[in-house]
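Asker: This one is protein10.pdb, PDB, C-alpha atoms and all ligand atoms.
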```pdb
ATOM      1  CA  MET A   1     180.785 175.587 157.976
ATOM      2  CA  GLU A   2     179.765 179.128 159.003
ATOM      3  CA  PRO A   3     180.973 180.538 162.346
ATOM      4  CA  ILE A   4     178.263 180.845 165.016
ATOM      5  CA  ILE A   5     179.900 184.012 166.385
ATOM      6  CA  LYS A   6     181.314 186.737 164.136
ATOM      7  CA  VAL A   7     182.749 189.974 165.489
ATOM      8  CA  LYS A   8     184.354 192.633 163.325
ATOM      9  CA  CYS A   9     186.054 195.755 164.647
ATOM     10  CA  LEU A  10     183.861 196.634 167.634
ATOM     11  CA  LYS A  11     183.957 200.044 169.211
ATOM     12  CA  HIS A  12     182.393 200.602 172.610
ATOM     13  CA  VAL A  13     182.099 203.756 174.686
ATOM     14  CA  TYR A  14     181.252 203.378 178.382
ATOM     15  CA  PRO A  15     179.094 206.045 180.068
ATOM     16  CA  ASP A  16     182.194 207.695 181.546
ATOM     17  CA  LYS A  17     183.513 208.059 177.945
ATOM     18  CA  THR A  18     186.112 205.275 178.233
ATOM     19  CA  GLU A  19     186.521 204.034 174.668
ATOM     20  CA  VAL A  20     187.336 200.393 173.958
ATOM     21  CA  ASN A  21     188.242 199.202 170.461
ATOM     22  CA  ILE A  22     188.466 195.564 169.495
ATOM     23  CA  CYS A  23     189.741 195.639 165.920
ATOM     24  CA  GLY A  24     192.532 193.866 164.070
ATOM     25  CA  LEU A  25     191.700 190.255 163.226
ATOM     26  CA  ASP A  26     188.043 189.194 163.128
ATOM     27  CA  PHE A  27     186.807 187.146 166.092
ATOM     28  CA  ARG A  28     185.112 183.998 164.835
ATOM     29  CA  VAL A  29     183.886 180.951 166.726
ATOM     30  CA  MET A  30     182.773 177.694 165.130
ATOM     31  CA  LYS A  31     180.134 175.402 166.618
ATOM     32  CA  GLY A  32     181.617 173.062 169.225
ATOM     33  CA  GLU A  33     184.877 174.997 169.469
ATOM     34  CA  ARG A  34     186.626 175.820 172.752
ATOM     35  CA  VAL A  35     187.980 179.339 172.456
ATOM     36  CA  VAL A  36     190.168 181.216 174.936
ATOM     37  CA  ILE A  37     190.552 185.005 174.883
ATOM     38  CA  LEU A  38     193.841 186.195 176.365
ATOM     39  CA  GLY A  39     195.250 189.648 176.949
ATOM     40  CA  PRO A  40     196.630 191.953 179.621
ATOM     41  CA  ASN A  41     194.434 193.688 182.224
ATOM     42  CA  GLY A  42     192.104 196.228 180.657
ATOM     43  CA  ALA A  43     192.606 194.858 177.117
ATOM     44  CA  GLY A  44     188.873 194.508 176.508
ATOM     45  CA  LYS A  45     188.186 190.780 177.097
ATOM     46  CA  THR A  46     185.176 191.320 179.369
ATOM     47  CA  THR A  47     183.943 194.089 177.073
ATOM     48  CA  LEU A  48     184.048 191.652 174.140
ATOM     49  CA  ILE A  49     182.137 188.915 175.957
ATOM     50  CA  SER A  50     179.595 191.436 177.261
ATOM     51  CA  HIS A  51     178.837 192.306 173.628
ATOM     52  CA  ILE A  52     178.550 188.626 172.692
ATOM     53  CA  LEU A  53     176.049 188.223 175.553
ATOM     54  CA  GLY A  54     174.104 191.239 174.281
ATOM     55  CA  LEU A  55     174.655 193.145 177.535
ATOM     56  CA  LEU A  56     176.349 196.021 175.691
ATOM     57  CA  ARG A  57     175.696 197.690 172.356
ATOM     58  CA  PRO A  58     178.635 198.778 170.213
ATOM     59  CA  ILE A  59     178.680 202.227 168.665
ATOM     60  CA  ASP A  60     180.499 200.813 165.660
ATOM     61  CA  GLY A  61     181.436 197.448 164.146
ATOM     62  CA  THR A  62     179.445 194.267 163.566
ATOM     63  CA  ILE A  63     178.550 191.412 165.852
ATOM     64  CA  GLU A  64     176.508 188.344 165.034
ATOM     65  CA  VAL A  65     175.727 185.484 167.407
ATOM     66  CA  LEU A  66     173.819 182.446 166.097
ATOM     67  CA  GLY A  67     172.740 184.604 163.156
ATOM     68  CA  LEU A  68     171.274 187.328 165.407
ATOM     69  CA  ASP A  69     172.230 190.731 166.754
ATOM     70  CA  PRO A  70     172.742 189.837 170.444
ATOM     71  CA  HIS A  71     171.738 193.246 171.804
ATOM     72  CA  LYS A  72     168.617 193.599 169.674
ATOM     73  CA  ASP A  73     167.599 189.946 170.033
ATOM     74  CA  PHE A  74     168.654 189.779 173.677
ATOM     75  CA  LYS A  75     165.759 187.596 174.874
ATOM     76  CA  THR A  76     166.296 184.949 172.192
ATOM     77  CA  ILE A  77     170.076 184.939 172.563
ATOM     78  CA  ARG A  78     170.054 184.672 176.358
ATOM     79  CA  LYS A  79     168.188 181.373 176.139
ATOM     80  CA  LYS A  80     170.961 179.982 173.963
ATOM     81  CA  ILE A  81     173.961 181.265 175.918
ATOM     82  CA  GLY A  82     174.927 180.285 179.447
ATOM     83  CA  VAL A  83     177.367 182.454 181.353
ATOM     84  CA  VAL A  84     179.431 182.226 184.511
ATOM     85  CA  PHE A  85     180.681 185.658 185.516
ATOM     86  CA  GLN A  86     183.982 186.240 187.254
ATOM     87  CA  ASN A  87     182.174 187.371 190.384
ATOM     88  CA  VAL A  88     179.653 184.560 190.867
ATOM     89  CA  ASP A  89     178.165 186.205 193.983
ATOM     90  CA  GLU A  90     176.414 188.652 191.675
ATOM     91  CA  GLN A  91     174.672 185.934 189.693
ATOM     92  CA  ILE A  92     173.580 183.512 192.419
ATOM     93  CA  ILE A  93     170.164 184.771 193.474
ATOM     94  CA  GLY A  94     168.154 181.802 194.799
ATOM     95  CA  PRO A  95     167.614 181.473 198.568
ATOM     96  CA  ARG A  96     168.718 177.804 198.315
ATOM     97  CA  VAL A  97     171.048 176.188 195.780
ATOM     98  CA  TYR A  98     168.075 174.241 194.381
ATOM     99  CA  ASP A  99     166.073 177.432 193.736
ATOM    100  CA  ASP A 100     169.027 179.099 192.109
ATOM    101  CA  ILE A 101     169.558 176.278 189.607
ATOM    102  CA  ALA A 102     165.786 176.040 189.058
ATOM    103  CA  PHE A 103     165.441 179.763 188.377
ATOM    104  CA  THR A 104     165.401 179.677 184.551
ATOM    105  CA  PRO A 105     163.357 176.471 184.072
ATOM    106  CA  ARG A 106     160.721 177.931 186.450
ATOM    107  CA  ASN A 107     160.857 181.233 184.585
ATOM    108  CA  GLU A 108     160.304 179.364 181.348
ATOM    109  CA  ASP A 109     157.225 177.700 182.871
ATOM    110  CA  PHE A 110     158.682 174.192 182.898
ATOM    111  CA  SER A 111     156.551 171.778 184.911
ATOM    112  CA  LYS A 112     157.562 171.019 188.501
ATOM    113  CA  GLY A 113     158.571 167.495 187.453
ATOM    114  CA  GLU A 114     160.727 168.573 184.527
ATOM    115  CA  THR A 115     162.366 171.367 186.549
ATOM    116  CA  ASP A 116     163.140 168.884 189.315
ATOM    117  CA  GLU A 117     164.622 166.383 186.881
ATOM    118  CA  ARG A 118     166.814 169.003 185.177
ATOM    119  CA  VAL A 119     168.075 170.456 188.475
ATOM    120  CA  LYS A 120     168.928 167.025 189.897
ATOM    121  CA  THR A 121     170.570 165.777 186.693
ATOM    122  CA  VAL A 122     172.775 168.816 186.348
ATOM    123  CA  ALA A 123     173.627 168.867 190.077
ATOM    124  CA  LYS A 124     174.615 165.203 189.893
ATOM    125  CA  SER A 125     176.817 165.734 186.857
ATOM    126  CA  LEU A 126     178.672 168.499 188.726
ATOM    127  CA  GLY A 127     178.866 166.500 191.957
ATOM    128  CA  ILE A 128     176.878 169.083 193.953
ATOM    129  CA  GLU A 129     173.696 167.103 194.633
ATOM    130  CA  GLY A 130     174.572 167.235 198.354
ATOM    131  CA  LEU A 131     174.442 171.053 198.269
ATOM    132  CA  LEU A 132     170.907 171.487 196.897
ATOM    133  CA  ASP A 133     169.374 172.459 200.266
ATOM    134  CA  LYS A 134     172.198 174.797 201.258
ATOM    135  CA  ILE A 135     172.104 178.589 201.415
ATOM    136  CA  PRO A 136     174.438 179.754 198.581
ATOM    137  CA  HIS A 137     175.925 182.592 200.646
ATOM    138  CA  TYR A 138     177.709 180.112 202.939
ATOM    139  CA  LEU A 139     179.278 177.986 200.209
ATOM    140  CA  SER A 140     182.999 178.032 199.434
ATOM    141  CA  GLY A 141     184.291 179.918 196.369
ATOM    142  CA  GLY A 142     184.719 176.710 194.361
ATOM    143  CA  GLN A 143     181.255 175.411 195.336
ATOM    144  CA  LYS A 144     179.703 178.736 194.293
ATOM    145  CA  LYS A 145     181.397 178.457 190.877
ATOM    146  CA  LYS A 146     179.853 175.025 190.421
ATOM    147  CA  VAL A 147     176.404 176.285 191.456
ATOM    148  CA  ALA A 148     176.682 179.189 188.986
ATOM    149  CA  LEU A 149     177.783 176.725 186.298
ATOM    150  CA  ALA A 150     174.831 174.443 187.109
ATOM    151  CA  GLY A 151     172.462 177.402 186.711
ATOM    152  CA  SER A 152     174.041 178.314 183.383
ATOM    153  CA  ILE A 153     173.861 174.815 181.849
ATOM    154  CA  VAL A 154     170.495 173.678 183.212
ATOM    155  CA  MET A 155     168.858 174.798 179.941
ATOM    156  CA  MET A 156     171.587 173.100 177.855
ATOM    157  CA  PRO A 157     172.763 176.221 176.025
ATOM    158  CA  ASP A 158     174.475 176.185 172.623
ATOM    159  CA  ILE A 159     177.227 178.438 173.933
ATOM    160  CA  LEU A 160     178.794 178.736 177.366
ATOM    161  CA  VAL A 161     180.778 181.848 178.315
ATOM    162  CA  MET A 162     183.177 181.469 181.242
ATOM    163  CA  ASP A 163     184.791 184.682 182.518
ATOM    164  CA  GLU A 164     187.867 183.720 184.579
ATOM    165  CA  PRO A 165     186.368 180.409 185.765
ATOM    166  CA  PHE A 166     189.499 179.158 187.553
ATOM    167  CA  ASP A 167     189.886 182.108 189.928
ATOM    168  CA  ALA A 168     189.730 181.065 193.575
ATOM    169  CA  LEU A 169     189.870 177.354 192.796
ATOM    170  CA  ASP A 170     192.391 175.059 194.496
ATOM    171  CA  PRO A 171     194.425 172.734 192.212
ATOM    172  CA  LYS A 172     192.052 169.774 192.589
ATOM    173  CA  SER A 173     188.916 171.873 192.024
ATOM    174  CA  LYS A 174     190.618 173.429 189.004
ATOM    175  CA  THR A 175     191.356 170.012 187.489
ATOM    176  CA  ASP A 176     187.779 168.899 188.248
ATOM    177  CA  MET A 177     186.414 172.053 186.583
ATOM    178  CA  VAL A 178     188.608 171.582 183.485
ATOM    179  CA  ASN A 179     187.524 167.926 183.131
ATOM    180  CA  LEU A 180     183.910 168.868 183.617
ATOM    181  CA  LEU A 181     183.944 171.648 181.020
ATOM    182  CA  ASN A 182     185.763 169.436 178.528
ATOM    183  CA  ARG A 183     183.127 166.753 179.122
ATOM    184  CA  LEU A 184     180.300 169.247 178.478
ATOM    185  CA  ASN A 185     182.020 170.199 175.247
ATOM    186  CA  GLU A 186     182.630 166.600 174.134
ATOM    187  CA  GLU A 187     179.346 165.004 175.191
ATOM    188  CA  TYR A 188     176.916 167.798 174.384
ATOM    189  CA  GLY A 189     178.874 169.757 171.771
ATOM    190  CA  ILE A 190     178.553 172.972 173.813
ATOM    191  CA  THR A 191     180.733 175.738 172.388
ATOM    192  CA  ILE A 192     182.798 177.298 175.194
ATOM    193  CA  ILE A 193     184.381 180.743 175.299
ATOM    194  CA  TYR A 194     186.801 181.461 178.125
ATOM    195  CA  THR A 195     188.719 184.420 179.412
ATOM    196  CA  THR A 196     191.548 183.511 181.757
ATOM    197  CA  HIS A 197     194.897 184.708 183.046
ATOM    198  CA  ASP A 198     195.751 181.121 183.978
ATOM    199  CA  ILE A 199     198.069 180.550 181.050
ATOM    200  CA  ASN A 200     199.267 177.043 181.973
ATOM    201  CA  ILE A 201     195.759 175.689 181.773
ATOM    202  CA  VAL A 202     195.155 177.007 178.242
ATOM    203  CA  PRO A 203     196.487 173.964 176.294
ATOM    204  CA  GLN A 204     193.957 171.773 178.175
ATOM    205  CA  ILE A 205     190.924 173.950 177.428
ATOM    206  CA  ALA A 206     191.538 175.588 174.042
ATOM    207  CA  ASP A 207     191.095 174.569 170.450
ATOM    208  CA  LYS A 208     191.682 178.171 169.475
ATOM    209  CA  ILE A 209     193.169 181.242 171.157
ATOM    210  CA  TYR A 210     192.681 184.943 170.499
ATOM    211  CA  ILE A 211     195.025 187.553 171.921
ATOM    212  CA  ILE A 212     193.769 191.097 172.446
ATOM    213  CA  ASN A 213     196.277 193.872 173.025
ATOM    214  CA  ASN A 214     196.104 197.648 172.649
ATOM    215  CA  GLY A 215     192.628 197.608 171.111
ATOM    216  CA  ASN A 216     193.499 194.968 168.538
ATOM    217  CA  ILE A 217     193.073 191.245 168.133
ATOM    218  CA  VAL A 218     196.721 190.556 167.358
ATOM    219  CA  ALA A 219     196.821 186.765 167.122
ATOM    220  CA  ALA A 220     194.484 183.851 166.462
ATOM    221  CA  GLY A 221     195.188 180.152 166.100
ATOM    222  CA  THR A 222     195.747 176.895 167.960
ATOM    223  CA  PRO A 223     197.619 177.147 171.285
ATOM    224  CA  LEU A 224     200.756 175.871 169.592
ATOM    225  CA  GLU A 225     200.542 178.330 166.692
ATOM    226  CA  VAL A 226     199.889 181.307 168.929
ATOM    227  CA  PHE A 227     202.353 180.472 171.696
ATOM    228  CA  SER A 228     205.117 179.870 169.146
ATOM    229  CA  ASN A 229     204.878 183.558 168.275
ATOM    230  CA  VAL A 230     207.054 184.678 171.162
ATOM    231  CA  ASP A 231     207.153 188.405 170.246
ATOM    232  CA  ILE A 232     203.378 188.797 170.161
ATOM    233  CA  ILE A 233     203.077 186.871 173.419
ATOM    234  CA  ARG A 234     205.596 189.007 175.282
ATOM    235  CA  GLU A 235     204.223 192.274 173.830
ATOM    236  CA  ALA A 236     200.842 191.339 175.281
ATOM    237  CA  ASN A 237     202.469 190.885 178.682
ATOM    238  CA  LEU A 238     201.920 187.129 178.552
ATOM    239  CA  GLU A 239     204.225 184.148 179.054
ATOM    240  CA  PRO A 240     203.861 180.938 177.066
ATOM    241  CA  PRO A 241     202.618 177.939 179.090
ATOM    242  CA  ILE A 242     205.584 176.287 180.767
ATOM    243  CA  LEU A 243     205.119 172.953 178.954
ATOM    244  CA  ILE A 244     204.939 174.584 175.519
ATOM    245  CA  ASP A 245     207.984 176.726 176.375
ATOM    246  CA  LEU A 246     210.001 173.671 177.510
ATOM    247  CA  PHE A 247     209.015 171.401 174.623
ATOM    248  CA  SER A 248     209.613 174.073 171.964
ATOM    249  CA  LYS A 249     213.094 174.595 173.445
ATOM    250  CA  LEU A 250     213.697 170.819 173.264
ATOM    251  CA  GLU A 251     212.543 170.855 169.656
ATOM    252  CA  ALA A 252     214.856 173.786 168.859
ATOM    253  CA  ARG A 253     217.718 171.633 170.182
ATOM    254  CA  GLY A 254     216.814 168.819 167.818
ATOM    255  CA  PHE A 255     214.552 166.636 170.030
ATOM    256  CA  LYS A 256     211.332 165.876 168.154
ATOM    257  CA  VAL A 257     209.084 165.296 171.144
ATOM    258  CA  GLY A 258     205.808 166.964 170.092
ATOM    259  CA  PHE A 259     203.761 169.247 172.355
ATOM    260  CA  PRO A 260     202.029 167.757 175.408
ATOM    261  CA  GLN A 261     198.789 169.244 176.727
ATOM    262  CA  SER A 262     199.244 168.132 180.303
ATOM    263  CA  ILE A 263     201.933 167.144 182.809
ATOM    264  CA  GLN A 264     200.833 163.512 182.412
ATOM    265  CA  GLU A 265     201.352 163.641 178.648
ATOM    266  CA  ALA A 266     204.741 165.337 179.121
ATOM    267  CA  GLU A 267     205.789 162.691 181.661
ATOM    268  CA  ASP A 268     204.754 159.838 179.351
ATOM    269  CA  THR A 269     206.609 161.362 176.388
ATOM    270  CA  LEU A 270     209.798 161.998 178.347
ATOM    271  CA  VAL A 271     209.796 158.565 180.044
ATOM    272  CA  ASP A 272     209.308 156.974 176.645
ATOM    273  CA  LYS A 273     212.242 158.916 175.152
ATOM    274  CA  LEU A 274     214.471 158.353 178.172
ATOM    275  CA  GLN A 275     213.790 154.622 178.159
ATOM    276  CA  GLN A 276     215.066 154.499 174.604
ATOM    277  CA  ASN A 277     218.405 155.791 175.867
ATOM    278  CA  PRO A 278     220.360 152.810 177.290
ATOM    279  CA  THR A 279     222.877 155.005 179.133
ATOM    280  CA  ILE A 280     220.185 156.639 181.233
ATOM    281  CA  LYS A 281     218.512 153.305 181.941
ATOM    282  CA  GLU A 282     221.755 151.805 183.122
ATOM    283  CA  LYS A 283     222.443 154.838 185.340
ATOM    284  CA  LYS A 284     219.090 154.294 186.971
ATOM    285  CA  PHE A 285     220.100 150.796 187.985
ATOM    286  CA  GLY A 286     223.514 151.947 189.168
ATOM    287  CA  ILE A 287     225.502 150.031 186.509
ATOM    288  CA  ILE A 288     227.475 153.062 185.342
ATOM    289  CA  LYS A 289     229.539 154.838 187.968
TER     290      LYS A 289
HETATM  291  N1  LIG B 301     181.639 199.857 183.262
HETATM  292  C1  LIG B 301     182.727 200.486 182.815
HETATM  293  N2  LIG B 301     182.799 201.836 182.802
HETATM  294  C2  LIG B 301     183.905 202.477 182.368
HETATM  295  N3  LIG B 301     184.986 201.852 181.873
HETATM  296  C3  LIG B 301     184.979 200.517 181.872
HETATM  297  C4  LIG B 301     183.863 199.765 182.327
HETATM  298  N4  LIG B 301     184.145 198.436 182.208
HETATM  299  C5  LIG B 301     185.374 198.376 181.672
HETATM  300  N5  LIG B 301     185.878 199.611 181.464
HETATM  301  C6  LIG B 301     187.181 199.955 180.876
HETATM  302  O1  LIG B 301     187.274 199.344 179.606
HETATM  303  C7  LIG B 301     188.588 198.844 179.368
HETATM  304  C8  LIG B 301     188.512 197.342 179.059
HETATM  305  O2  LIG B 301     188.079 196.683 180.237
HETATM  306  P1  LIG B 301     187.745 195.118 180.294
HETATM  307  O3  LIG B 301     187.114 194.862 181.623
HETATM  308  O4  LIG B 301     186.999 194.761 179.081
HETATM  309  O5  LIG B 301     189.213 194.511 180.219
HETATM  310  P2  LIG B 301     189.694 192.999 180.496
HETATM  311  O6  LIG B 301     190.571 192.637 179.349
HETATM  312  O7  LIG B 301     188.536 192.118 180.772
HETATM  313  O8  LIG B 301     190.582 193.226 181.793
HETATM  314  P3  LIG B 301     190.934 192.234 183.035
HETATM  315  O9  LIG B 301     191.894 191.208 182.519
HETATM  316  O10 LIG B 301     191.603 193.166 183.999
HETATM  317  O11 LIG B 301     189.648 191.655 183.570
HETATM  318  C9  LIG B 301     189.409 199.192 180.609
HETATM  319  O12 LIG B 301     190.099 200.383 180.345
HETATM  320  C10 LIG B 301     188.352 199.416 181.682
HETATM  321  O13 LIG B 301     188.793 200.344 182.635
END
```
Turn this file's structure into structure tokens for me.
Answerer:
Amino acid sequence: MEPIIKVKCLKHVYPDKTEVNICGLDFRVMKGERVVILGPNGAGKTTLISHILGLLRPIDGTIEVLGLDPHKDFKTIRKKIGVVFQNVDEQIIGPRVYDDIAFTPRNEDFSKGETDERVKTVAKSLGIEGLLDKIPHYLSGGQKKKVALAGSIVMMPDILVMDEPFDALDPKSKTDMVNLLNRLNEEYGITIIYTTHDINIVPQIADKIYIINNGNIVAAGTPLEVFSNVDIIREANLEPPILIDLFSKLEARGFKVGFPQSIQEAEDTLVDKLQQNPTIKEKKFGIIK
């Protein structure tokens, strides 16, 4: 299978002459993959996704998205890619939540009936149908993220780009958002590209990780493969997710316990292992003093 996104050694120069290189390993995304881009502040993550969205044009290197040059074929590409920017205030433009989500279908001349059906379906799936009449400006940060997400998936894009989607979300909203994005990926096969600094969430949202540091893509692979490479992780000013760190230390000490993706999975694994140890079970019931 051919990747749907291929990026090779991009070079970008901003108007103030700031030069950003994204070389090293090629950046490749397969259809239906969930990809997370990690790296320290200023590494070039947003610059890379801005090129994928066709918002910027590189001065050197190659970039192909769904077989097209995203900058040249901007209009075609934008219909196939949904995006939620880090600062959602800049992308929510409708006077009411309903109008904001309906913006693209209306722009594409969808009938009133079809627009209405799409807006209501997507709002229901995100649990924001009660917000449709609200003025976006007064919504909470988490509600705004959901409205921006609704607007970006109302056309059922092939690819969804999420720039720091978990910023400003409380723990429950974060879990809801993770479940929702994983559902969009599973049920509709939407390819999702994330940038995030929220390292502990990565095992739950990534099939593949790329690490950008000092103008180079320095690592690519599954979360386990990449996070096992401690030197590269630390050089990029990152820490491995706490669960991967703990379970790899257990494995190094001879406990074959696998690598859980969530606290629940870790709890189940450890309870299972502990229950196989009669001494611990007896302690629990106070038999051993
Ligand atoms: N519009 C711009 N004009 C000038 N320089 C810019 C512009 N946008 C980004 N840069 C510079 O390009 C470099 C890469 O920035 P970018 O925003 O891509 O990094 P990032 O990895 O997304 O960082 P962060 O994790 O802090 O969001 C930085 O040195 C930044 O200062």
Asker: So, with only C-alpha atoms as the atoms that count, which of A:Val65, A:Val119, A:Cys23, A:Ile232 lies closest to His51 (chain A)?
Answerer: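 Ranked by minimum distance to His51 (chain A), first place goes to A:Val65.
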Asker: Using only C-alpha atoms and all ligand atoms, which residues of the polymer chains come no farther than 8 Å from ligand LIG 301 (chain B)? I'd like the answer as a PyMOL selection string.
Answerer: chain A and resi 13-20+38-48+195-197+212
Asker: Can you spit out the residues from that selection as an mmCIF file, in the coordinates of the input, using C-alpha atoms?
Answerer:
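Printed below is result10.cif as written:
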```cif
data_model
loop_
_atom_site.group_PDB
_atom_site.id
_atom_site.type_symbol
_atom_site.label_atom_id
_atom_site.label_comp_id
_atom_site.auth_asym_id
_atom_site.auth_seq_id
_atom_site.Cartn_x
_atom_site.Cartn_y
_atom_site.Cartn_z
ATOM 1 C CA VAL A 13 182.099 203.756 174.686
ATOM 2 C CA TYR A 14 181.252 203.378 178.382
ATOM 3 C CA PRO A 15 179.094 206.045 180.068
ATOM 4 C CA ASP A 16 182.194 207.695 181.546
ATOM 5 C CA LYS A 17 183.513 208.059 177.945
ATOM 6 C CA THR A 18 186.112 205.275 178.233
ATOM 7 C CA GLU A 19 186.521 204.034 174.668
ATOM 8 C CA VAL A 20 187.336 200.393 173.958
ATOM 9 C CA LEU A 38 193.841 186.195 176.365
ATOM 10 C CA GLY A 39 195.250 189.648 176.949
ATOM 11 C CA PRO A 40 196.630 191.953 179.621
ATOM 12 C CA ASN A 41 194.434 193.688 182.224
ATOM 13 C CA GLY A 42 192.104 196.228 180.657
ATOM 14 C CA ALA A 43 192.606 194.858 177.117
ATOM 15 C CA GLY A 44 188.873 194.508 176.508
ATOM 16 C CA LYS A 45 188.186 190.780 177.097
ATOM 17 C CA THR A 46 185.176 191.320 179.369
ATOM 18 C CA THR A 47 183.943 194.089 177.073
ATOM 19 C CA LEU A 48 184.048 191.652 174.140
ATOM 20 C CA THR A 195 188.719 184.420 179.412
ATOM 21 C CA THR A 196 191.548 183.511 181.757
ATOM 22 C CA HIS A 197 194.897 184.708 183.046
ATOM 23 C CA ILE A 212 193.769 191.097 172.446
#
```
Asker: I would like the residues chosen by the PyMOL selection byres (((chain A and resi 256-260) around 8) and not hetatm) on the shown file; could you give them as a PDB file with C-alpha atoms, keeping the file's coordinate frame?
Answerer:
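Done, and the output landed in result-v9.pdb:
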```pdb
ATOM      1  CA  LEU A 224     200.756 175.871 169.592  1.00  0.00           C
ATOM      2  CA  LEU A 243     205.119 172.953 178.954  1.00  0.00           C
ATOM      3  CA  ILE A 244     204.939 174.584 175.519  1.00  0.00           C
ATOM      4  CA  PHE A 247     209.015 171.401 174.623  1.00  0.00           C
ATOM      5  CA  SER A 248     209.613 174.073 171.964  1.00  0.00           C
ATOM      6  CA  LEU A 250     213.697 170.819 173.264  1.00  0.00           C
ATOM      7  CA  GLU A 251     212.543 170.855 169.656  1.00  0.00           C
ATOM      8  CA  GLY A 254     216.814 168.819 167.818  1.00  0.00           C
ATOM      9  CA  PHE A 255     214.552 166.636 170.030  1.00  0.00           C
ATOM     10  CA  GLN A 261     198.789 169.244 176.727  1.00  0.00           C
ATOM     11  CA  SER A 262     199.244 168.132 180.303  1.00  0.00           C
ATOM     12  CA  ILE A 263     201.933 167.144 182.809  1.00  0.00           C
ATOM     13  CA  GLU A 265     201.352 163.641 178.648  1.00  0.00           C
ATOM     14  CA  ALA A 266     204.741 165.337 179.121  1.00  0.00           C
ATOM     15  CA  THR A 269     206.609 161.362 176.388  1.00  0.00           C
ATOM     16  CA  LEU A 270     209.798 161.998 178.347  1.00  0.00           C
TER      17      LEU A 270
END
```
Asker: Expanded to explicit residues, what is the PyMOL selection byres (((chain A and resi 10) around 7) and not hetatm) for this file, as an MDAnalysis selection string?
Answerer: chainID A and resid 8:9 11:12 21:23 58 60:62
Asker: Take the residues just selected and output them with C-alpha atoms as a JSON list (two decimals), in the frame of the given file.
Answerer:
```
[["chain", "number", "residue", "atom", "x", "y", "z"],
["A", 8, "LYS", "CA", 184.35, 192.63, 163.32],
["A", 9, "CYS", "CA", 186.05, 195.76, 164.65],
["A", 11, "LYS", "CA", 183.96, 200.04, 169.21],
["A", 12, "HIS", "CA", 182.39, 200.60, 172.61],
["A", 21, "ASN", "CA", 188.24, 199.20, 170.46],
["A", 22, "ILE", "CA", 188.47, 195.56, 169.50],
["A", 23, "CYS", "CA", 189.74, 195.64, 165.92],
["A", 58, "PRO", "CA", 178.64, 198.78, 170.21],
["A", 60, "ASP", "CA", 180.50, 200.81, 165.66],
["A", 61, "GLY", "CA", 181.44, 197.45, 164.15],
["A", 62, "THR", "CA", 179.44, 194.27, 163.57]]
```
Asker: Check what the PyMOL selection byres (((chain A and resi 117) around 12) and not hetatm) selects in the file above and give those residues as a PDB file with C-alpha atoms, keeping the file's coordinate frame.
Answerer:
```
ATOM      1  CA  TYR A  98     168.075 174.241 194.381  1.00  0.00           C
ATOM      2  CA  ILE A 101     169.558 176.278 189.607  1.00  0.00           C
ATOM      3  CA  ALA A 102     165.786 176.040 189.058  1.00  0.00           C
ATOM      4  CA  PRO A 105     163.357 176.471 184.072  1.00  0.00           C
ATOM      5  CA  PHE A 110     158.682 174.192 182.898  1.00  0.00           C
ATOM      6  CA  SER A 111     156.551 171.778 184.911  1.00  0.00           C
ATOM      7  CA  LYS A 112     157.562 171.019 188.501  1.00  0.00           C
ATOM      8  CA  GLY A 113     158.571 167.495 187.453  1.00  0.00           C
ATOM      9  CA  GLU A 114     160.727 168.573 184.527  1.00  0.00           C
ATOM     10  CA  THR A 115     162.366 171.367 186.549  1.00  0.00           C
ATOM     11  CA  ASP A 116     163.140 168.884 189.315  1.00  0.00           C
ATOM     12  CA  ARG A 118     166.814 169.003 185.177  1.00  0.00           C
ATOM     13  CA  VAL A 119     168.075 170.456 188.475  1.00  0.00           C
ATOM     14  CA  LYS A 120     168.928 167.025 189.897  1.00  0.00           C
ATOM     15  CA  THR A 121     170.570 165.777 186.693  1.00  0.00           C
ATOM     16  CA  VAL A 122     172.775 168.816 186.348  1.00  0.00           C
ATOM     17  CA  ALA A 123     173.627 168.867 190.077  1.00  0.00           C
ATOM     18  CA  LYS A 124     174.615 165.203 189.893  1.00  0.00           C
ATOM     19  CA  GLU A 129     173.696 167.103 194.633  1.00  0.00           C
ATOM     20  CA  VAL A 154     170.495 173.678 183.212  1.00  0.00           C
ATOM     21  CA  MET A 155     168.858 174.798 179.941  1.00  0.00           C
TER      22      MET A 155
END
```
Asker: Enter the distance from CA of Ala168 (chain A) to CA of Lys31 (chain A), in Å, rounded to one decimal.
Answerer: 29.2 Å
Asker: For a quick check of understanding, using all atoms listed in the file, which of A:Pro95, A:Val36, A:Asp133, A:Ala219 has the smallest distance to Met162 (chain A)?
Answerer: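 With all atoms listed in the file as the atom set, the closest residue is A:Val36.
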Asker: Assuming 6 Å of padding per side, give the centre and edge lengths of the axis-aligned box around every listed atom of region 222-228 of chain A, in Å to one decimal and as lines of an AutoDock Vina configuration file.
Answerer:
```
center_x = 200.4
center_y = 178.6
center_z = 169.2
size_x = 21.4
size_y = 17.4
size_z = 17.0
```
